[in-house]
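Okay, my_file_0.cif is below, mmCIF, C-alpha atoms:
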data_data
#
loop_
_atom_site.label_atom_id
_atom_site.label_comp_id
_atom_site.auth_asym_id
_atom_site.auth_seq_id
_atom_site.Cartn_x
_atom_site.Cartn_y
_atom_site.Cartn_z
CA MET A 90 106.46 82.36 71.79
CA ASN A 91 103.13 80.90 72.89
CA ALA A 92 103.67 78.41 75.68
CA VAL A 93 101.89 75.09 75.25
CA LYS A 94 102.71 73.80 78.72
CA PRO A 95 103.05 75.43 82.13
CA ILE A 96 106.53 76.78 82.88
CA LYS A 97 107.88 75.24 86.08
CA SER A 98 111.66 75.43 85.77
CA VAL A 99 114.49 77.81 84.96
CA ASP A 100 115.19 75.82 81.79
CA TYR A 101 111.69 76.48 80.51
CA LEU A 102 111.95 80.15 81.49
CA MET A 103 115.08 80.37 79.34
CA LYS A 104 113.43 78.58 76.41
CA ALA A 105 110.45 80.92 76.63
CA GLY A 106 112.72 83.97 76.51
CA LEU A 107 111.69 85.06 80.01
CA ALA A 108 115.10 84.99 81.69
CA ALA A 109 118.61 86.05 80.77
CA PRO A 110 121.31 83.37 80.54
CA ALA A 111 123.54 85.48 82.78
CA ASP A 112 120.99 85.06 85.58
CA ARG A 113 120.76 81.27 85.36
CA ALA A 114 122.84 80.47 88.45
CA ALA A 115 120.99 82.97 90.64
CA LEU A 116 117.60 81.84 89.33
CA GLU A 117 118.45 78.19 90.01
CA GLU A 118 119.16 79.26 93.58
CA VAL A 119 115.79 81.03 93.74
CA ALA A 120 114.04 77.97 92.28
CA ALA A 121 115.65 75.69 94.88
CA ARG A 122 113.87 77.67 97.59
CA TYR A 123 110.66 79.04 96.04
CA ALA A 124 108.34 77.32 93.57
CA ILE A 125 108.04 78.53 89.98
CA ALA A 126 104.94 78.14 87.82
CA LEU A 127 103.42 80.17 84.99
CA THR A 128 100.37 78.97 83.11
CA PRO A 129 100.25 79.35 79.31
CA VAL A 130 97.68 82.13 79.77
CA VAL A 131 100.09 84.12 81.95
CA THR A 132 103.07 83.47 79.69
CA ARG A 133 101.18 84.80 76.67
CA LEU A 134 100.34 87.99 78.58
CA ILE A 135 103.98 88.93 79.13
CA ASP A 136 105.40 91.62 76.87
CA ARG A 137 108.98 90.50 76.28
CA ALA A 138 109.81 93.86 74.71
CA ASP A 139 109.08 95.62 78.02
CA PRO A 140 111.81 95.10 80.65
CA ASP A 141 109.38 96.47 83.25
CA ASP A 142 106.38 94.39 82.22
CA PRO A 143 104.00 94.24 85.23
CA ILE A 144 102.86 90.69 84.47
CA ALA A 145 106.42 89.35 84.27
CA ARG A 146 107.30 91.13 87.50
CA GLN A 147 104.59 89.22 89.34
CA PHE A 148 105.41 85.71 88.11
CA VAL A 149 108.95 85.50 86.67
CA PRO A 150 111.56 84.84 89.39
CA ASP A 151 114.15 87.51 90.06
CA PRO A 152 117.62 87.25 91.66
CA ALA A 153 116.43 89.98 94.06
CA GLU A 154 114.48 87.25 95.85
CA LEU A 155 117.76 86.00 97.30
CA VAL A 156 118.10 89.19 99.36
CA VAL A 157 116.28 88.74 102.66
CA ALA A 158 115.69 91.89 104.71
CA PRO A 159 116.08 91.72 108.52
CA GLU A 160 112.37 92.41 109.11
CA GLU A 161 111.17 89.62 106.79
CA ARG A 162 109.97 86.28 108.13
CA ALA A 163 108.85 82.87 106.87
CA ASP A 164 105.35 83.20 108.38
CA PRO A 165 104.75 86.95 108.11
CA ILE A 166 101.09 86.99 109.18
CA GLY A 167 101.29 84.35 111.90
CA ASP A 168 99.37 81.45 110.36
CA HIS A 169 101.20 78.90 112.49
CA ALA A 170 100.47 80.74 115.74
CA HIS A 171 96.73 80.46 115.09
CA SER A 172 96.56 76.91 113.72
CA PRO A 173 94.83 74.66 116.30
CA VAL A 174 94.83 71.68 113.91
CA GLU A 175 96.51 71.03 110.58
CA GLY A 176 94.83 72.95 107.77
CA ILE A 177 92.92 75.38 110.02
CA VAL A 178 93.83 78.97 110.88
CA HIS A 179 91.46 80.49 113.44
CA ARG A 180 92.50 84.11 113.87
CA TYR A 181 89.09 85.82 114.08
CA PRO A 182 86.18 84.57 116.22
CA ASP A 183 83.57 84.00 113.49
CA ARG A 184 85.70 82.61 110.64
CA VAL A 185 88.47 80.18 109.85
CA LEU A 186 90.81 79.50 106.98
CA LEU A 187 90.65 75.97 105.63
CA LYS A 188 93.92 75.33 103.80
CA ALA A 189 93.02 72.20 101.87
CA VAL A 190 95.91 72.45 99.43
CA HIS A 191 99.25 74.25 99.22
CA VAL A 192 99.65 74.07 95.45
CA CYS A 193 98.91 76.91 92.99
CA PRO A 194 98.60 77.10 89.21
CA VAL A 195 101.03 80.06 89.34
CA TYR A 196 103.41 81.21 92.06
CA CYS A 197 103.45 84.92 92.79
CA ARG A 198 106.95 86.17 93.54
CA PHE A 199 105.62 88.27 96.45
CA CYS A 200 103.52 85.49 98.06
CA PHE A 201 103.26 85.73 101.85
CA ARG A 202 103.04 81.92 102.05
CA ARG A 203 105.97 81.32 99.72
CA GLU A 204 107.72 79.14 102.33
CA MET A 205 104.64 76.88 102.57
CA VAL A 206 103.39 76.47 99.00
CA GLY A 207 104.62 74.52 96.00
CA PRO A 208 105.93 70.99 95.42
CA GLN A 209 108.23 71.30 98.44
CA GLY A 210 105.57 72.96 100.60
CA LEU A 211 102.98 71.61 103.00
CA GLY A 212 101.13 69.60 100.36
CA THR A 213 97.45 68.68 100.30
CA LEU A 214 95.51 67.61 103.38
CA ASP A 215 95.07 63.85 103.44
CA ALA A 216 91.71 62.29 104.36
CA ALA A 217 92.49 62.08 108.08
CA ALA A 218 93.76 65.66 108.29
CA MET A 219 90.74 66.95 106.35
CA GLU A 220 88.37 65.12 108.68
CA ALA A 221 90.15 66.58 111.72
CA ALA A 222 89.87 70.07 110.21
CA LEU A 223 86.16 69.58 109.52
CA ALA A 224 85.66 68.21 113.04
CA TYR A 225 87.20 71.40 114.42
CA ILE A 226 84.75 73.49 112.39
CA ARG A 227 81.83 71.33 113.58
CA SER A 228 82.85 71.72 117.21
CA HIS A 229 83.08 75.52 117.12
CA GLN A 230 79.59 76.98 116.87
CA GLU A 231 80.95 80.50 116.49
CA ILE A 232 82.36 79.75 113.04
CA TRP A 233 80.04 81.49 110.56
CA GLU A 234 82.39 81.60 107.58
CA VAL A 235 84.89 79.12 106.14
CA ILE A 236 87.52 80.54 103.78
CA LEU A 237 89.19 78.02 101.51
CA THR A 238 92.70 79.13 100.68
CA GLY A 239 96.14 77.63 100.66
CA GLY A 240 97.53 77.35 97.94
CA ASP A 241 94.72 77.85 95.50
CA PRO A 242 91.68 75.70 96.31
CA LEU A 243 90.40 75.75 92.73
CA VAL A 244 93.32 73.60 91.61
CA LEU A 245 91.45 70.73 93.26
CA SER A 246 89.29 68.50 91.10
CA SER A 247 85.58 69.17 90.89
CA ARG A 248 85.02 65.87 92.70
CA ARG A 249 87.24 66.89 95.60
CA LEU A 250 85.66 70.34 95.82
CA ARG A 251 82.20 68.77 95.81
CA GLU A 252 83.19 66.49 98.70
CA ILE A 253 84.39 69.47 100.75
CA MET A 254 81.23 71.45 100.04
CA GLU A 255 79.02 68.47 100.90
CA ALA A 256 80.79 68.19 104.25
CA LEU A 257 80.35 71.92 104.93
CA ALA A 258 76.68 71.66 103.91
CA GLY A 259 76.17 69.42 106.93
CA ILE A 260 77.48 72.05 109.38
CA ALA A 261 74.48 74.23 110.20
CA HIS A 262 76.32 77.14 111.84
CA VAL A 263 78.51 77.71 108.76
CA LYS A 264 76.59 80.09 106.51
CA ILE A 265 79.29 81.52 104.21
CA VAL A 266 81.95 79.68 102.20
CA ARG A 267 84.59 81.81 100.50
CA PHE A 268 87.25 80.72 98.00
CA HIS A 269 90.44 82.73 97.46
CA THR A 270 91.75 82.07 93.98
CA ARG A 271 93.61 83.21 90.86
CA VAL A 272 92.21 80.42 88.66
CA PRO A 273 89.63 82.52 86.73
CA VAL A 274 92.50 84.80 85.65
CA VAL A 275 95.38 82.36 85.11
CA ASP A 276 93.45 79.26 83.94
CA PRO A 277 89.98 80.49 82.98
CA GLU A 278 88.98 77.37 81.05
CA LYS A 279 89.05 75.39 84.30
CA VAL A 280 85.98 77.35 85.39
CA ASP A 281 83.53 75.01 83.69
CA ALA A 282 80.06 73.75 84.55
CA ALA A 283 81.39 70.88 86.69
CA LEU A 284 83.56 73.16 88.83
CA ILE A 285 80.77 75.73 89.26
CA ALA A 286 78.32 73.02 90.32
CA ALA A 287 80.88 71.68 92.81
CA LEU A 288 81.15 75.05 94.54
CA LYS A 289 77.49 75.13 95.53
CA ALA A 290 76.04 73.67 98.72
CA SER A 291 72.58 73.72 100.22
CA GLY A 292 72.12 76.48 102.77
CA LYS A 293 75.46 78.15 102.05
CA THR A 294 76.21 81.45 100.36
CA VAL A 295 79.35 81.15 98.24
CA TYR A 296 81.79 83.97 97.55
CA ILE A 297 84.90 83.96 95.39
CA ALA A 298 87.69 86.43 96.15
CA LEU A 299 89.55 86.91 92.88
CA HIS A 300 93.23 87.88 93.07
CA ALA A 301 94.41 90.17 90.27
CA ASN A 302 96.84 93.08 90.39
CA HIS A 303 96.84 94.60 86.91
CA VAL A 304 94.04 95.22 84.43
CA ARG A 305 95.82 93.19 81.73
CA GLU A 306 95.15 90.08 83.79
CA LEU A 307 91.42 90.58 83.14
CA THR A 308 91.49 89.11 79.65
CA THR A 309 88.40 88.33 77.61
CA ALA A 310 88.63 84.71 78.78
CA ALA A 311 89.03 85.76 82.43
CA ARG A 312 86.02 88.06 82.19
CA ALA A 313 83.98 85.25 80.69
CA ALA A 314 85.01 82.89 83.50
CA CYS A 315 83.88 85.46 86.07
CA ALA A 316 80.59 85.90 84.22
CA ARG A 317 79.97 82.14 84.35
CA LEU A 318 80.47 82.14 88.11
CA ILE A 319 78.36 85.23 88.77
CA ASP A 320 75.56 84.15 86.44
CA ALA A 321 75.43 80.90 88.41
CA GLY A 322 74.70 82.86 91.59
CA ILE A 323 78.22 83.01 93.07
CA ALA A 324 79.17 86.45 94.37
CA MET A 325 82.63 87.78 93.62
CA VAL A 326 84.92 90.27 95.34
CA SER A 327 88.49 91.24 94.54
CA GLN A 328 91.75 91.18 96.40
CA SER A 329 94.89 92.85 95.12
CA VAL A 330 98.34 93.64 96.47
CA LEU A 331 99.85 97.10 96.09
CA LEU A 332 103.15 96.28 94.37
CA LYS A 333 106.07 98.45 93.35
CA GLY A 334 106.50 98.25 89.60
CA VAL A 335 103.10 96.62 89.04
CA ASN A 336 100.28 98.90 90.17
CA ASP A 337 101.87 101.63 92.32
CA ASP A 338 100.26 104.40 90.29
CA PRO A 339 96.78 105.89 90.89
CA ASP A 340 95.85 105.68 87.20
CA VAL A 341 96.91 102.02 86.91
CA LEU A 342 95.13 101.10 90.13
CA ALA A 343 92.00 103.04 89.13
CA GLU A 344 91.85 101.20 85.80
CA LEU A 345 92.02 97.85 87.61
CA MET A 346 89.33 98.72 90.15
CA LYS A 347 86.99 100.09 87.46
CA ALA A 348 87.48 96.92 85.42
CA PHE A 349 86.51 94.80 88.45
CA VAL A 350 83.29 96.74 88.85
CA GLU A 351 82.53 96.49 85.14
CA ILE A 352 82.65 92.68 85.35
CA ARG A 353 80.56 92.61 88.55
CA VAL A 354 83.47 91.89 90.91
CA LYS A 355 83.28 94.20 93.93
CA PRO A 356 86.66 95.69 94.95
CA TYR A 357 87.38 94.43 98.45
CA TYR A 358 90.93 94.41 99.84
CA LEU A 359 94.07 96.15 98.63
CA HIS A 360 96.88 94.58 100.65
CA HIS A 361 100.10 96.28 101.66
CA PRO A 362 102.79 93.67 100.79
CA ASP A 363 103.60 91.31 103.63
CA LEU A 364 107.07 90.81 105.06
CA ALA A 365 107.76 87.57 103.20
CA PRO A 366 111.40 86.61 102.62
CA GLY A 367 113.00 88.10 99.53
CA THR A 368 110.16 90.49 98.68
CA ARG A 369 111.58 93.88 99.67
CA HIS A 370 111.80 94.94 96.00
CA PHE A 371 107.98 94.83 95.83
CA ARG A 372 107.25 96.93 98.91
CA LEU A 373 106.42 100.62 98.98
CA THR A 374 106.44 102.57 102.20
CA ILE A 375 103.11 102.85 103.93
CA GLU A 376 103.11 106.61 103.29
CA GLU A 377 103.55 105.99 99.56
CA GLY A 378 100.67 103.54 99.62
CA GLN A 379 98.45 105.93 101.54
CA LYS A 380 99.09 108.67 98.97
CA ILE A 381 98.19 106.37 96.09
CA VAL A 382 94.97 105.21 97.76
CA ALA A 383 94.07 108.78 98.73
CA ALA A 384 94.46 109.76 95.08
CA LEU A 385 91.68 107.33 94.17
CA ARG A 386 89.17 109.38 96.16
CA GLY A 387 87.21 111.57 93.80
CA ARG A 388 88.98 109.98 90.81
CA ILE A 389 86.74 106.91 90.64
CA SER A 390 83.31 105.89 91.91
CA GLY A 391 82.82 104.77 95.47
CA LEU A 392 81.90 101.38 94.01
CA CYS A 393 85.53 101.09 92.88
CA GLN A 394 87.24 101.94 96.18
CA PRO A 395 89.13 99.05 97.81
CA THR A 396 89.97 98.93 101.51
CA TYR A 397 93.74 99.39 101.97
CA ILE A 398 94.92 97.05 104.70
CA LEU A 399 97.99 95.76 106.49
CA ASP A 400 98.06 92.24 107.92
CA ILE A 401 99.81 92.92 111.21
CA PRO A 402 102.88 90.66 111.56
CA GLY A 403 102.53 88.02 114.25
CA GLY A 404 98.93 87.07 113.53
CA HIS A 405 97.16 90.08 115.08
CA GLY A 406 94.77 90.53 112.16
CA LYS A 407 94.17 93.21 109.58
CA ALA A 408 94.30 96.98 110.12
CA VAL A 409 92.86 99.56 107.75
CA ILE A 410 95.82 101.78 106.96
CA SER A 411 94.04 104.46 105.02
CA GLY A 412 92.54 105.51 108.36
CA ASN A 413 93.85 106.23 111.86
CA SER A 414 94.77 102.69 112.88
CA ILE A 415 98.41 103.22 111.91
CA GLN A 416 100.63 106.01 113.20
CA PRO A 417 104.27 106.80 112.37
CA THR A 418 106.74 106.54 115.23
CA GLY A 419 109.82 107.66 113.29
CA GLU A 420 112.49 106.27 110.96
CA GLY A 421 110.09 104.17 108.88
CA CYS A 422 108.44 102.61 111.92
CA TYR A 423 104.78 102.66 112.96
CA SER A 424 102.40 101.61 115.69
CA VAL A 425 99.43 99.67 114.38
CA SER A 426 96.19 99.11 116.30
CA ASP A 427 94.45 95.79 115.77
CA TYR A 428 90.70 95.16 115.91
CA ARG A 429 90.93 94.18 119.60
CA GLY A 430 92.59 97.45 120.59
CA GLY A 431 96.12 96.01 120.84
CA VAL A 432 99.00 98.13 119.59
CA HIS A 433 101.90 96.60 117.68
CA PRO A 434 105.15 97.90 116.19
CA TYR A 435 105.66 97.70 112.43
CA PRO A 436 108.08 96.37 111.34
CA PRO A 437 107.95 94.05 114.35
CA ALA A 438 110.71 94.35 116.92
CA ASP A 439 112.94 91.29 117.22
#

The structure given in the file should be rewritten as structure tokens.
Amino acid sequence: MNAVKPIKSVDYLMKAGLAAPADRAALEEVAARYAIALTPVVTRLIDRADPDDPIARQFVPDPAELVVAPEERADPIGDHAHSPVEGIVHRYPDRVLLKAVHVCPVYCRFCFRREMVGPQGLGTLDAAAMEAALAYIRSHQEIWEVILTGGDPLVLSSRRLREIMEALAGIAHVKIVRFHTRVPVVDPEKVDAALIAALKASGKTVYIALHANHVRELTTAARAACARLIDAGIAMVSQSVLLKGVNDDPDVLAELMKAFVEIRVKPYYLHHPDLAPGTRHFRLTIEEGQKIVAALRGRISGLCQPTYILDIPGGHGKAVISGNSIQPTGEGCYSVSDYRGGVHPYPPAD
């Protein structure tokens, strides 16, 4: 079946042949807590004959999401602890997150902000909240980079994006504007001339961090959308999550990273899954992840090597976990050093 509309309910999942009737009650319970959305592009990518399809695993809800492990938490990377005003997360000295919107075109089942996004989430910043967020950026001269995230900022209209970029253009100390998005993959036709023009601002260098986890997501249409952005002078990097049952194989991961490079998207971050509620079925151990990433060395070009990182729970920032910043302490526990020299337990102690 080719979907003609986005799938946003269990009923539509059933009609599309993406969920078993026996799971309806459990999936309704999942849907009551976590948003569901699949674009037609994503729905068409799913191989219904494959019970382990890596695209379905990322986007189709699973009763396993109802199982919350003791170490999981609603705000696994500490956004709230570093939010001085609504819509701003200021965790690192020279950059801030600007969370203009908490809506996405698709909802990843492993999302670390799954308690905040969707129709029942934090919503979109209103005019007053956006102005307060921009005023914070203006008042902090150390902010060199603004990262628009959320939610997916490219769900906003071209007009709204243009307004945000025009406001940032007037802040001299901001030099870099980065957008974190799945839109070129899950809704590539939205990347049109109006949207591309809206992303540009005088005196700013614009980057797009594209989220994709499996090479099948990089369809012909997705590759064309990336080409339109890059040809317009917008640099692109990748971000992926190392997910059990999706890309936890050196060959699968190598194919994805090589495809990024082929379409002029520089591999950037490979995230260890965060401790979001109901996501234990996606997580490998850190040792398993380290072995997979180590297997990429020598297998693919240095251009294709991502940086394997852990976002330290509690808002302490990212640690490179293919290096010496993480050490086992026994029984599946680790000590992780942050960029300031602090040492933290992982999983965090209650």

_Nearest-residue call for A:Leu345, choices A:Leu257, A:Val330, A:Val280, A:Ala170, using all atoms listed in the file_ =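 With all atoms listed in the file as the atom set, the closest residue is A:Val330.
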
Answer key for the PyMOL selection byres ((chain A and resi 184) around 6), residues as a list in words: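 On the file shown, the PyMOL selection byres ((chain A and resi 184) around 6) covers Tyr181, Pro182, Asp183, Val185, Ile232, Trp233, Glu234 and Val235 of chain A.
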
Q: With the file shown as input, list the residues that the PyMOL selection byres ((chain A and resi 225) around 12) selects, as an MDAnalysis selection string.
A: chainID A and resid 172:179 184:187 218:224 226:232 235 257 260

Starting from the displayed file, determine the output of the PyMOL selection byres ((chain A and resi 378) around 9) and express the residue list as a PyMOL selection string.
chain A and resi 331+337+361+373-377+379-383+397+410-411

request  = Would you kindly return, as a ChimeraX atom specification, each protein, DNA or RNA residue with an atom no farther than 10 Å from any atom of A:Ala153, considering all atoms listed in the file and excluding same-chain residues fewer than 3 positions away?
outcome  = /A:115-116,119,150,156-157,367-371

Within 9 Å of stretch 188-199 of chain A, which residues of stretch 292-365 of chain A come that close, and what is the closest atom pair and distance in Å for each? Count all atoms listed in the file and give it as a Markdown table.
| residue | atom | partner | partner_atom | distance |
| --- | --- | --- | --- | --- |
| A:Leu332 | CA | A:Phe199 | CA | 8.6 |
| A:Pro362 | CA | A:Phe199 | CA | 7.5 |
| A:Asp363 | CA | A:Phe199 | CA | 8.1 |
| A:Ala365 | CA | A:Phe199 | CA | 7.1 |

Q) Quick one: residues within 7 Å of A:Tyr423, only C-alpha atoms counted, chain neighbours fewer than 5 positions away excluded, as an MDAnalysis selection string? A) chainID A and resid 415:418 434:435

**Answer as a ChimeraX atom specification, residues within 8 Å of (77.4, 81.2, 108.5) using all atoms listed in the file** = /A:232-234,261-266,293

Surrounding residues of A:Val272 excluding itself and chain neighbours under 6 positions, 10 Å, only C-alpha atoms, as number ranges by chain | A: 128, 193-195, 241-244, 278-280, 299-300, 311, 314

In Å to one decimal, how far is atom CA of A:Ile297 from atom CA of A:Ala313?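 A separation of 14.8 Å between them.
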
Check: Between A:Ala321, A:Ala408, A:Leu250, A:Ile401, which has the minimum distance to A:Pro437 (counting all atoms listed in the file)?
Finding: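 Among the listed residues, A:Ile401 lies closest to A:Pro437.
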
Reconstruct N, CA, C and O atoms of stretch 99-119 of chain A from the incomplete input and present them as a JSON list (two decimals), in the coordinates of the input.
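Okay, out_39.json is ready:
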[["chain", "number", "residue", "atom", "x", "y", "z"],
["A", 99, "VAL", "N", 113.64, 76.77, 85.55],
["A", 99, "VAL", "CA", 114.49, 77.81, 84.96],
["A", 99, "VAL", "C", 114.78, 77.48, 83.50],
["A", 99, "VAL", "O", 114.81, 78.37, 82.64],
["A", 100, "ASP", "N", 114.96, 76.20, 83.18],
["A", 100, "ASP", "CA", 115.19, 75.82, 81.79],
["A", 100, "ASP", "C", 114.06, 76.29, 80.89],
["A", 100, "ASP", "O", 114.31, 76.86, 79.81],
["A", 101, "TYR", "N", 112.83, 76.07, 81.33],
["A", 101, "TYR", "CA", 111.69, 76.48, 80.51],
["A", 101, "TYR", "C", 111.55, 78.00, 80.46],
["A", 101, "TYR", "O", 111.09, 78.56, 79.46],
["A", 102, "LEU", "N", 111.92, 78.68, 81.54],
["A", 102, "LEU", "CA", 111.95, 80.15, 81.49],
["A", 102, "LEU", "C", 112.91, 80.63, 80.41],
["A", 102, "LEU", "O", 112.61, 81.56, 79.66],
["A", 103, "MET", "N", 114.08, 79.99, 80.34],
["A", 103, "MET", "CA", 115.08, 80.37, 79.34],
["A", 103, "MET", "C", 114.54, 80.09, 77.93],
["A", 103, "MET", "O", 114.65, 80.94, 77.03],
["A", 104, "LYS", "N", 113.94, 78.93, 77.73],
["A", 104, "LYS", "CA", 113.43, 78.58, 76.41],
["A", 104, "LYS", "C", 112.31, 79.52, 75.97],
["A", 104, "LYS", "O", 112.15, 79.78, 74.77],
["A", 105, "ALA", "N", 111.55, 80.02, 76.94],
["A", 105, "ALA", "CA", 110.45, 80.92, 76.63],
["A", 105, "ALA", "C", 110.90, 82.36, 76.48],
["A", 105, "ALA", "O", 110.09, 83.25, 76.21],
["A", 106, "GLY", "N", 112.20, 82.61, 76.65],
["A", 106, "GLY", "CA", 112.72, 83.97, 76.51],
["A", 106, "GLY", "C", 112.35, 84.88, 77.66],
["A", 106, "GLY", "O", 112.30, 86.10, 77.52],
["A", 107, "LEU", "N", 112.13, 84.28, 78.84],
["A", 107, "LEU", "CA", 111.69, 85.06, 80.01],
["A", 107, "LEU", "C", 112.79, 85.28, 81.04],
["A", 107, "LEU", "O", 112.53, 85.87, 82.09],
["A", 108, "ALA", "N", 113.99, 84.80, 80.75],
["A", 108, "ALA", "CA", 115.10, 84.99, 81.69],
["A", 108, "ALA", "C", 116.40, 85.08, 80.90],
["A", 108, "ALA", "O", 116.55, 84.45, 79.85],
["A", 109, "ALA", "N", 117.32, 85.86, 81.44],
["A", 109, "ALA", "CA", 118.61, 86.05, 80.77],
["A", 109, "ALA", "C", 119.58, 84.93, 81.16],
["A", 109, "ALA", "O", 119.63, 84.54, 82.34],
["A", 110, "PRO", "N", 120.34, 84.42, 80.22],
["A", 110, "PRO", "CA", 121.31, 83.37, 80.54],
["A", 110, "PRO", "C", 122.28, 83.77, 81.66],
["A", 110, "PRO", "O", 122.68, 82.92, 82.46],
["A", 111, "ALA", "N", 122.62, 85.04, 81.74],
["A", 111, "ALA", "CA", 123.54, 85.48, 82.78],
["A", 111, "ALA", "C", 122.96, 85.31, 84.18],
["A", 111, "ALA", "O", 123.70, 85.26, 85.16],
["A", 112, "ASP", "N", 121.63, 85.20, 84.27],
["A", 112, "ASP", "CA", 120.99, 85.06, 85.58],
["A", 112, "ASP", "C", 120.73, 83.61, 85.97],
["A", 112, "ASP", "O", 120.14, 83.35, 87.02],
["A", 113, "ARG", "N", 121.13, 82.67, 85.13],
["A", 113, "ARG", "CA", 120.76, 81.27, 85.36],
["A", 113, "ARG", "C", 121.15, 80.79, 86.76],
["A", 113, "ARG", "O", 120.33, 80.19, 87.46],
["A", 114, "ALA", "N", 122.39, 81.00, 87.16],
["A", 114, "ALA", "CA", 122.84, 80.47, 88.45],
["A", 114, "ALA", "C", 122.01, 81.04, 89.60],
["A", 114, "ALA", "O", 121.58, 80.31, 90.51],
["A", 115, "ALA", "N", 121.78, 82.35, 89.58],
["A", 115, "ALA", "CA", 120.99, 82.97, 90.64],
["A", 115, "ALA", "C", 119.55, 82.47, 90.62],
["A", 115, "ALA", "O", 118.95, 82.20, 91.67],
["A", 116, "LEU", "N", 118.98, 82.31, 89.43],
["A", 116, "LEU", "CA", 117.60, 81.84, 89.33],
["A", 116, "LEU", "C", 117.46, 80.39, 89.77],
["A", 116, "LEU", "O", 116.44, 80.01, 90.35],
["A", 117, "GLU", "N", 118.48, 79.57, 89.51],
["A", 117, "GLU", "CA", 118.45, 78.19, 90.01],
["A", 117, "GLU", "C", 118.44, 78.19, 91.54],
["A", 117, "GLU", "O", 117.78, 77.36, 92.17],
["A", 118, "GLU", "N", 119.16, 79.14, 92.13],
["A", 118, "GLU", "CA", 119.16, 79.26, 93.58],
["A", 118, "GLU", "C", 117.78, 79.70, 94.09],
["A", 118, "GLU", "O", 117.29, 79.19, 95.10],
["A", 119, "VAL", "N", 117.15, 80.62, 93.38],
["A", 119, "VAL", "CA", 115.79, 81.03, 93.74],
["A", 119, "VAL", "C", 114.85, 79.83, 93.63],
["A", 119, "VAL", "O", 114.04, 79.56, 94.54]]
